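A.B. asks: My file is query.cif. It has mmCIF, C-alpha atoms:
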```cif
data_target
#
loop_
_atom_site.label_atom_id
_atom_site.label_comp_id
_atom_site.auth_asym_id
_atom_site.auth_seq_id
_atom_site.Cartn_x
_atom_site.Cartn_y
_atom_site.Cartn_z
CA MET I 1 129.30 -0.06 2.43
CA GLN I 2 125.76 0.76 3.47
CA SER I 3 122.96 0.31 0.98
CA ARG I 4 120.41 2.96 0.17
CA ASP I 5 117.75 1.33 2.38
CA ASP I 6 120.17 1.14 5.29
CA ARG I 7 121.01 4.83 4.97
CA LEU I 8 117.34 5.74 4.76
CA LEU I 9 116.60 3.62 7.80
CA GLU I 10 119.38 5.20 9.82
CA THR I 11 118.36 8.72 8.83
CA GLY I 12 114.69 7.99 9.52
CA ILE I 13 115.41 6.54 12.96
CA GLU I 14 117.48 9.60 13.87
CA GLU I 15 114.58 11.81 12.80
CA LEU I 16 112.17 9.72 14.88
CA ILE I 17 114.45 9.97 17.91
CA THR I 18 114.56 13.74 17.53
CA ARG I 19 110.76 14.00 17.28
CA ILE I 20 110.26 11.71 20.25
CA GLN I 21 112.75 13.68 22.32
CA GLU I 22 110.90 16.93 21.54
CA LEU I 23 107.62 15.31 22.49
CA LYS I 24 109.12 13.95 25.70
CA ASN I 25 110.48 17.37 26.67
CA SER I 26 107.11 19.04 26.06
CA ILE I 27 105.26 16.46 28.17
CA GLY I 28 107.84 16.69 30.97
CA LEU I 29 107.70 20.48 31.01
CA PHE I 30 103.91 20.44 31.05
CA LEU I 31 103.80 17.97 33.95
CA SER I 32 106.32 19.98 35.95
CA ARG I 33 104.30 23.17 35.41
CA LEU I 34 101.14 21.38 36.53
CA GLU I 35 102.85 20.40 39.77
CA THR I 36 104.50 23.75 40.52
CA GLU I 37 102.24 26.39 38.94
CA ASP I 38 98.58 27.33 39.04
CA LEU I 39 97.84 27.20 35.30
CA ASP I 40 94.70 28.66 33.79
CA TRP I 41 92.59 26.78 31.26
CA ARG I 42 93.96 28.69 28.27
CA THR I 43 97.54 27.74 29.14
CA VAL I 44 96.53 24.09 29.56
CA LEU I 45 94.87 24.11 26.14
CA ASP I 46 97.97 25.66 24.58
CA ASN I 47 100.15 22.89 26.03
CA PHE I 48 97.75 20.23 24.80
CA ALA I 49 97.75 21.82 21.33
CA LEU I 50 101.57 21.79 21.32
CA ILE I 51 101.69 18.11 22.30
CA SER I 52 99.01 17.24 19.72
CA GLY I 53 100.97 19.02 16.99
CA GLN I 54 104.15 17.17 17.90
CA LEU I 55 102.29 13.83 17.83
CA SER I 56 100.93 14.64 14.37
CA SER I 57 104.44 15.52 13.21
CA LEU I 58 105.72 12.21 14.60
CA TYR I 59 103.00 10.26 12.76
CA GLN I 60 103.78 12.06 9.51
CA CYS I 61 107.45 11.23 9.93
CA MET I 62 106.60 7.55 10.46
CA ARG I 63 104.37 7.52 7.36
CA SER I 64 106.91 9.36 5.22
CA ASP I 65 108.09 7.74 1.99
CA LYS I 66 111.68 8.48 2.99
CA LEU I 67 111.41 6.10 5.95
CA PRO I 68 111.24 2.38 5.19
CA THR I 69 108.36 0.45 6.69
CA LEU I 70 109.49 -0.36 10.19
CA ARG I 71 107.19 -3.37 10.52
CA ASN I 72 109.34 -5.13 7.95
CA TYR I 73 112.31 -5.06 10.30
CA ILE I 74 112.90 -7.29 13.31
CA CYS I 75 114.71 -6.18 16.45
CA LEU I 76 116.72 -9.03 17.96
CA PRO I 77 119.03 -8.84 20.97
CA ILE I 78 122.60 -9.58 19.97
CA CYS I 79 123.93 -10.08 23.47
CA LEU I 80 122.26 -10.53 26.84
CA SER I 81 124.17 -9.83 30.01
CA GLN I 82 123.51 -9.35 33.69
CA GLU I 83 126.30 -6.82 33.96
CA GLN I 84 125.57 -3.11 33.90
CA ASP I 85 125.90 -1.39 30.54
CA ASN I 86 126.86 2.26 31.00
CA ASP I 87 125.94 3.23 27.45
CA LEU I 88 122.50 1.67 27.80
CA PHE I 89 122.12 3.27 31.21
CA ASN I 90 122.87 6.74 29.81
CA LEU I 91 120.78 6.19 26.68
CA SER I 92 117.73 5.14 28.71
CA GLU I 93 118.34 7.97 31.21
CA GLY I 94 118.81 5.56 34.07
CA ARG I 95 115.76 3.39 33.43
CA VAL I 96 117.60 0.33 32.06
CA SER I 97 120.96 -0.64 33.50
CA ALA I 98 121.48 -4.02 31.81
CA PHE I 99 120.00 -5.83 28.83
CA SER I 100 119.26 -9.04 30.70
CA HIS I 101 116.91 -11.98 30.30
CA GLU I 102 114.55 -10.39 32.78
CA ILE I 103 113.76 -7.18 30.90
CA VAL I 104 114.18 -8.24 27.26
CA PRO I 105 110.72 -9.90 26.97
CA ASP I 106 109.04 -6.73 28.25
CA TYR I 107 110.94 -4.25 26.07
CA LEU I 108 110.87 -6.29 22.85
CA ARG I 109 107.31 -7.56 23.18
CA THR I 110 105.16 -7.04 20.08
CA LYS I 111 101.92 -8.44 21.51
CA ALA I 112 100.13 -8.01 24.79
CA LEU I 113 100.43 -10.56 27.57
CA PRO I 114 98.19 -13.62 27.15
CA GLU I 115 96.28 -12.61 30.28
CA VAL I 116 95.63 -9.16 28.80
CA GLU I 117 94.48 -10.62 25.46
CA GLU I 118 92.04 -12.97 27.21
CA LYS I 119 90.67 -10.07 29.23
CA GLU I 120 90.12 -8.02 26.04
CA ILE I 121 88.29 -10.94 24.40
CA GLU I 122 86.03 -11.31 27.43
CA LEU I 123 85.24 -7.59 27.39
CA ALA I 124 84.42 -7.71 23.67
CA LYS I 125 82.06 -10.64 24.19
CA SER I 126 80.37 -9.03 27.17
CA ILE I 127 79.42 -5.90 25.24
CA ASN I 128 76.53 -7.53 23.35
CA PRO I 129 76.60 -11.33 23.43
CA SER I 130 73.12 -11.72 21.88
CA VAL I 131 74.10 -10.30 18.47
CA ASN I 132 75.99 -12.62 16.15
CA PRO I 133 78.31 -11.41 13.36
CA GLU I 134 75.84 -12.39 10.61
CA ALA I 135 73.10 -10.20 12.06
CA ILE I 136 75.55 -7.31 12.39
CA GLN I 137 76.57 -7.72 8.75
CA LYS I 138 72.92 -7.73 7.64
CA GLN I 139 72.29 -4.52 9.58
CA ILE I 140 75.35 -2.91 8.01
CA THR I 141 74.17 -3.92 4.52
CA HIS I 142 70.67 -2.56 5.17
CA LEU I 143 72.09 0.71 6.50
CA ASN I 144 74.32 1.09 3.43
CA LYS I 145 71.31 0.49 1.18
CA LEU I 146 69.30 3.18 2.97
CA CYS I 147 72.20 5.60 2.72
CA ASN I 148 72.63 4.97 -1.01
CA THR I 149 68.90 5.48 -1.62
CA SER I 150 68.96 8.75 0.30
CA ILE I 151 72.01 9.93 -1.65
CA ASN I 152 70.29 9.14 -4.96
CA LEU I 153 67.16 11.08 -3.95
CA ILE I 154 69.20 14.08 -2.83
CA THR I 155 71.20 14.00 -6.06
CA ALA I 156 68.02 13.89 -8.16
CA VAL I 157 66.53 16.89 -6.33
CA LYS I 158 69.80 18.76 -6.68
CA LEU I 159 69.86 18.19 -10.42
CA ASP I 160 66.34 19.63 -10.69
CA VAL I 161 67.19 22.73 -8.67
CA ASP I 162 70.86 23.37 -9.31
CA PRO I 163 71.55 25.19 -12.61
CA THR I 164 74.82 23.27 -12.95
CA ASP I 165 75.24 19.62 -13.83
CA ILE I 166 77.24 17.02 -11.95
CA SER I 167 80.50 18.06 -13.59
CA GLY I 168 79.97 21.68 -12.51
CA HIS I 169 79.17 23.07 -15.96
CA PRO I 170 76.04 25.21 -16.54
CA ARG I 171 73.07 23.16 -17.58
CA SER I 172 71.23 23.97 -20.83
CA PHE I 173 67.46 24.49 -20.50
CA GLY I 174 66.83 25.46 -24.15
CA THR I 175 66.29 28.91 -25.73
CA SER I 176 63.37 30.84 -24.25
CA THR I 177 64.14 34.29 -25.76
CA SER I 178 64.91 35.69 -29.19
CA PRO I 179 67.68 38.27 -29.41
CA ALA I 180 66.19 39.64 -32.66
CA ASP I 181 62.79 40.23 -31.04
CA THR I 182 64.42 41.85 -28.03
CA ASN I 183 66.41 44.25 -30.22
CA SER I 184 63.27 45.11 -32.25
CA LEU I 185 61.33 45.88 -29.06
CA ILE I 186 64.11 48.08 -27.70
CA GLY I 187 64.39 49.94 -31.00
CA ALA I 188 60.61 50.51 -31.12
CA VAL I 189 60.44 51.85 -27.55
CA ALA I 190 63.60 53.94 -27.62
CA PHE I 191 63.75 55.16 -31.25
CA GLY I 192 60.35 54.37 -32.74
CA LYS I 193 61.74 51.95 -35.28
CA GLY I 194 59.06 49.97 -37.15
CA LEU I 195 56.15 52.18 -36.01
CA LYS I 196 53.79 53.81 -38.55
CA PRO I 197 53.59 57.62 -38.31
CA VAL I 198 50.27 59.41 -37.49
CA PRO I 199 48.58 61.02 -40.58
CA ARG I 200 49.26 64.81 -40.82
CA SER I 201 46.07 65.66 -42.88
CA VAL I 202 44.04 66.30 -39.74
CA ASN I 203 43.51 69.98 -38.84
CA PRO I 204 44.80 70.48 -35.32
CA GLY I 205 42.23 73.24 -34.70
CA SER I 206 39.35 70.88 -35.29
CA LEU I 207 40.46 68.53 -32.48
CA SER I 208 38.85 69.05 -29.14
CA LEU I 209 39.99 67.60 -25.86
CA MET I 210 37.62 65.28 -24.07
CA SER I 211 37.58 64.36 -20.48
CA PRO I 212 38.34 60.77 -19.53
CA GLY I 213 35.29 58.54 -19.74
CA THR I 214 33.47 60.67 -22.36
CA PRO I 215 32.43 58.57 -25.38
CA ALA I 216 33.85 59.64 -28.71
CA PRO I 217 31.50 60.74 -31.55
CA SER I 218 30.78 58.35 -34.36
CA GLY I 219 33.70 57.97 -36.74
CA MET I 220 36.24 59.44 -34.30
CA MET I 221 39.06 57.84 -32.28
CA VAL I 222 40.29 59.11 -28.93
CA MET I 223 44.06 59.61 -28.69
CA SER I 224 46.26 61.33 -26.16
CA GLY I 225 46.03 64.61 -28.05
CA GLY I 226 42.22 64.60 -28.56
CA LEU I 227 39.87 63.26 -31.27
CA VAL I 228 41.25 61.83 -34.50
CA PRO I 229 39.01 60.80 -37.45
CA ARG I 230 38.96 57.13 -38.29
CA PRO I 231 40.65 56.14 -41.55
CA GLY I 232 38.45 56.80 -44.61
CA MET I 233 36.43 59.58 -42.87
CA SER I 234 36.63 63.17 -44.20
CA MET I 235 36.40 66.15 -41.88
#
```
For the structure just supplied, provide its representation as structure tokens.

C.D. replies:
Amino acid sequence: MQSRDDRLLETGIEELITRIQELKNSIGLFLSRLETEDLDWRTVLDNFALISGQLSSLYQCMRSDKLPTLRNYICLPICLSQEQDNDLFNLSEGRVSAFSHEIVPDYLRTKALPEVEEKEIELAKSINPSVNPEAIQKQITHLNKLCNTSINLITAVKLDVDPTDISGHPRSFGTSTSPADTNSLIGAVAFGKGLKPVPRSVNPGSLSLMSPGTPAPSGMMVMSGGLVPRPGMSM
């Protein structure tokens, strides 16, 4: 009886085979169209987008929680033979006819050839041999310090300008207005609330209009309707 991990592994490998087969078909179709058709640039981009989407889907399938970590499993050949294996031949679409000692090291290799590894090391050293790892680490530390300082300055300026705080809530700058004073001012302008009325004892016929700029007689005040006696003055 298969365990839960074995069932998950089998199902995940089947899903990977399906994704890889779809990717292989798309690449094969694209290559055949390149050889037989005169494709425009838009069609080429569409094919590249399709292949890129299938690769992303394959990566997501490999990183899925439903699939056990494949690096924890080891693939070992059970039997090696020089004779042709028809099932292997059909499964590999004619590329591998027998699982022999000659091809097993190439197909089950998990690391590059020693010659290839040495070549990669030489290329890495030839890029910049004058810089040692300690100097590189110091430069990285200095760059991180500069970046953190810049981030702190930008954050400080943002807090001074942005009306919201770091958590996104509106910042409080204190009360600069009085609702009671605002309501009193609106009532005075719109309805005359709180204003003293003009005395009615003045004879309207005794008021004369004056042109702008003309000084008022002694004891008189100039209003919009004409001359009005000052308080305490009899007409």

A.B. asks: How many Å separate CA of Trp41 in chain I from CA of Gln54 in chain I?

C.D. replies: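 Interatomic distance, CA of Trp41 in chain I to CA of Gln54 in chain I: 20.1 Å.
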
A.B. asks: Report as a list in words all protein, DNA and RNA residues lying within 12 Å of Asp87 in chain I, evaluated on all atoms listed in the file, omitting residues in the same chain fewer than 5 positions from it.

C.D. replies: Ser92, Glu93, Gly94, Arg95, Val96, Ser97, Ala98 and Phe99 of chain I

A.B. asks: For each of I:Ile136, I:Ile103, I:Ile20, I:Leu67, take the minimum atom-to-atom distance to Leu80 in chain I, counting only C-alpha atoms, then give the residue where this is smallest.

C.D. replies: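 Answer, going by the shortest atom-to-atom distance: I:Ile103.
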
A.B. asks: Which residue gives the smallest distance to Gly53 in chain I among I:Ser184, I:Asp85, I:Arg19, I:Pro179, with all atoms listed in the file counted?

C.D. replies: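 Smallest separation from Gly53 in chain I among the options: I:Arg19.
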
A.B. asks: How many Å lie between CA of Pro68 in chain I and CA of Asn25 in chain I, rounded to one decimal?

C.D. replies: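 The value is 26.2 Å.
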
A.B. asks: Nearest to Lys24 in chain I: which of I:Leu45, I:Leu55, I:Cys147, I:Leu8 is it, counting only C-alpha atoms?

C.D. replies: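 Result for the nearest residue to Lys24 in chain I: I:Leu55.
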
A.B. asks: Please compute the CA of Leu9 in chain I-CA of Thr69 in chain I distance, one decimal, in Å.

C.D. replies: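 The value is 8.9 Å.
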
A.B. asks: For Leu58 in chain I, list every protein, DNA or RNA residue within 10 Å, evaluated using all atoms listed in the file, and leave out those in the same chain fewer than 5 positions away; present the list as a VMD selection string.

C.D. replies: chain I and resid 15 to 20 22 to 23 52 to 53 63 to 64

A.B. asks: Using only C-alpha atoms, pick whichever of I:Ser178, I:Gln21, I:Leu108, I:Gln137 has the shortest atom-to-atom distance to Leu91 in chain I.

C.D. replies: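 With only C-alpha atoms as the atom set, the closest residue is I:Gln21.
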
A.B. asks: Got a sec: who's within 12 Å of Leu76 in chain I, counting all atoms listed in the file, leaving out chain neighbours fewer than 3 positions off, as a list in words?

C.D. replies: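 These residues fall inside the cut-off: Tyr73, Cys79, Leu80, Phe99, Val104, Pro105, Tyr107, Leu108, Arg109 and Thr110 of chain I.
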
A.B. asks: Return range 60-89 of chain I, completed with N, CA and C atoms, as a PDB file, in the coordinates of the input.

C.D. replies:
```pdb
ATOM      1  N   GLN I  60     103.416  11.760  10.885  1.00  0.00           N
ATOM      2  CA  GLN I  60     103.780  12.060   9.510  1.00  0.00           C
ATOM      3  C   GLN I  60     105.189  11.581   9.184  1.00  0.00           C
ATOM      4  N   CYS I  61     106.086  11.706  10.141  1.00  0.00           N
ATOM      5  CA  CYS I  61     107.450  11.230   9.930  1.00  0.00           C
ATOM      6  C   CYS I  61     107.478   9.709   9.785  1.00  0.00           C
ATOM      7  N   MET I  62     106.634   9.012  10.546  1.00  0.00           N
ATOM      8  CA  MET I  62     106.600   7.550  10.460  1.00  0.00           C
ATOM      9  C   MET I  62     105.960   7.086   9.159  1.00  0.00           C
ATOM     10  N   ARG I  63     105.023   7.877   8.605  1.00  0.00           N
ATOM     11  CA  ARG I  63     104.370   7.520   7.360  1.00  0.00           C
ATOM     12  C   ARG I  63     105.089   8.079   6.122  1.00  0.00           C
ATOM     13  N   SER I  64     106.197   8.733   6.326  1.00  0.00           N
ATOM     14  CA  SER I  64     106.910   9.360   5.220  1.00  0.00           C
ATOM     15  C   SER I  64     107.476   8.294   4.272  1.00  0.00           C
ATOM     16  N   ASP I  65     107.520   8.651   2.983  1.00  0.00           N
ATOM     17  CA  ASP I  65     108.090   7.740   1.990  1.00  0.00           C
ATOM     18  C   ASP I  65     109.605   7.597   2.145  1.00  0.00           C
ATOM     19  N   LYS I  66     110.223   8.556   2.806  1.00  0.00           N
ATOM     20  CA  LYS I  66     111.680   8.480   2.990  1.00  0.00           C
ATOM     21  C   LYS I  66     112.079   7.472   4.058  1.00  0.00           C
ATOM     22  N   LEU I  67     111.122   7.062   4.885  1.00  0.00           N
ATOM     23  CA  LEU I  67     111.410   6.100   5.950  1.00  0.00           C
ATOM     24  C   LEU I  67     110.892   4.734   5.546  1.00  0.00           C
ATOM     25  N   PRO I  68     111.731   3.724   5.513  1.00  0.00           N
ATOM     26  CA  PRO I  68     111.240   2.380   5.190  1.00  0.00           C
ATOM     27  C   PRO I  68     110.215   1.904   6.214  1.00  0.00           C
ATOM     28  N   THR I  69     109.381   0.976   5.804  1.00  0.00           N
ATOM     29  CA  THR I  69     108.360   0.450   6.690  1.00  0.00           C
ATOM     30  C   THR I  69     109.016  -0.297   7.840  1.00  0.00           C
ATOM     31  N   LEU I  70     108.792   0.205   9.047  1.00  0.00           N
ATOM     32  CA  LEU I  70     109.490  -0.360  10.190  1.00  0.00           C
ATOM     33  C   LEU I  70     108.975  -1.749  10.546  1.00  0.00           C
ATOM     34  N   ARG I  71     107.724  -2.049  10.183  1.00  0.00           N
ATOM     35  CA  ARG I  71     107.190  -3.370  10.520  1.00  0.00           C
ATOM     36  C   ARG I  71     107.880  -4.484   9.738  1.00  0.00           C
ATOM     37  N   ASN I  72     108.619  -4.121   8.705  1.00  0.00           N
ATOM     38  CA  ASN I  72     109.340  -5.130   7.950  1.00  0.00           C
ATOM     39  C   ASN I  72     110.682  -5.493   8.570  1.00  0.00           C
ATOM     40  N   TYR I  73     111.041  -4.798   9.636  1.00  0.00           N
ATOM     41  CA  TYR I  73     112.310  -5.060  10.300  1.00  0.00           C
ATOM     42  C   TYR I  73     112.059  -5.709  11.658  1.00  0.00           C
ATOM     43  N   ILE I  74     112.987  -6.559  12.059  1.00  0.00           N
ATOM     44  CA  ILE I  74     112.900  -7.290  13.310  1.00  0.00           C
ATOM     45  C   ILE I  74     114.041  -6.856  14.218  1.00  0.00           C
ATOM     46  N   CYS I  75     113.703  -6.580  15.459  1.00  0.00           N
ATOM     47  CA  CYS I  75     114.710  -6.180  16.450  1.00  0.00           C
ATOM     48  C   CYS I  75     115.034  -7.395  17.308  1.00  0.00           C
ATOM     49  N   LEU I  76     116.267  -7.856  17.206  1.00  0.00           N
ATOM     50  CA  LEU I  76     116.720  -9.030  17.960  1.00  0.00           C
ATOM     51  C   LEU I  76     117.885  -8.629  18.859  1.00  0.00           C
ATOM     52  N   PRO I  77     117.888  -9.130  20.084  1.00  0.00           N
ATOM     53  CA  PRO I  77     119.030  -8.840  20.970  1.00  0.00           C
ATOM     54  C   PRO I  77     120.270  -9.623  20.539  1.00  0.00           C
ATOM     55  N   ILE I  78     121.356  -8.930  20.384  1.00  0.00           N
ATOM     56  CA  ILE I  78     122.600  -9.580  19.970  1.00  0.00           C
ATOM     57  C   ILE I  78     123.296 -10.242  21.152  1.00  0.00           C
ATOM     58  N   CYS I  79     123.237  -9.558  22.293  1.00  0.00           N
ATOM     59  CA  CYS I  79     123.930 -10.080  23.470  1.00  0.00           C
ATOM     60  C   CYS I  79     123.124  -9.755  24.715  1.00  0.00           C
ATOM     61  N   LEU I  80     122.953 -10.710  25.562  1.00  0.00           N
ATOM     62  CA  LEU I  80     122.260 -10.530  26.840  1.00  0.00           C
ATOM     63  C   LEU I  80     123.278 -10.692  27.958  1.00  0.00           C
ATOM     64  N   SER I  81     123.188  -9.803  28.920  1.00  0.00           N
ATOM     65  CA  SER I  81     124.170  -9.830  30.010  1.00  0.00           C
ATOM     66  C   SER I  81     123.528  -9.294  31.273  1.00  0.00           C
ATOM     67  N   GLN I  82     123.965  -9.830  32.396  1.00  0.00           N
ATOM     68  CA  GLN I  82     123.510  -9.350  33.690  1.00  0.00           C
ATOM     69  C   GLN I  82     124.329  -8.174  34.190  1.00  0.00           C
ATOM     70  N   GLU I  83     125.444  -7.913  33.526  1.00  0.00           N
ATOM     71  CA  GLU I  83     126.300  -6.820  33.960  1.00  0.00           C
ATOM     72  C   GLU I  83     125.740  -5.483  33.478  1.00  0.00           C
ATOM     73  N   GLN I  84     126.069  -4.441  34.225  1.00  0.00           N
ATOM     74  CA  GLN I  84     125.570  -3.110  33.900  1.00  0.00           C
ATOM     75  C   GLN I  84     126.250  -2.576  32.646  1.00  0.00           C
ATOM     76  N   ASP I  85     125.426  -1.998  31.776  1.00  0.00           N
ATOM     77  CA  ASP I  85     125.900  -1.390  30.540  1.00  0.00           C
ATOM     78  C   ASP I  85     125.762   0.126  30.692  1.00  0.00           C
ATOM     79  N   ASN I  86     126.890   0.819  30.770  1.00  0.00           N
ATOM     80  CA  ASN I  86     126.860   2.260  31.000  1.00  0.00           C
ATOM     81  C   ASN I  86     126.233   3.011  29.829  1.00  0.00           C
ATOM     82  N   ASP I  87     126.531   2.561  28.615  1.00  0.00           N
ATOM     83  CA  ASP I  87     125.940   3.230  27.450  1.00  0.00           C
ATOM     84  C   ASP I  87     124.425   3.072  27.450  1.00  0.00           C
ATOM     85  N   LEU I  88     123.946   1.886  27.732  1.00  0.00           N
ATOM     86  CA  LEU I  88     122.500   1.670  27.800  1.00  0.00           C
ATOM     87  C   LEU I  88     121.890   2.439  28.951  1.00  0.00           C
ATOM     88  N   PHE I  89     122.618   2.530  30.053  1.00  0.00           N
ATOM     89  CA  PHE I  89     122.120   3.270  31.210  1.00  0.00           C
ATOM     90  C   PHE I  89     121.959   4.752  30.888  1.00  0.00           C
TER      91      PHE I  89
END
```
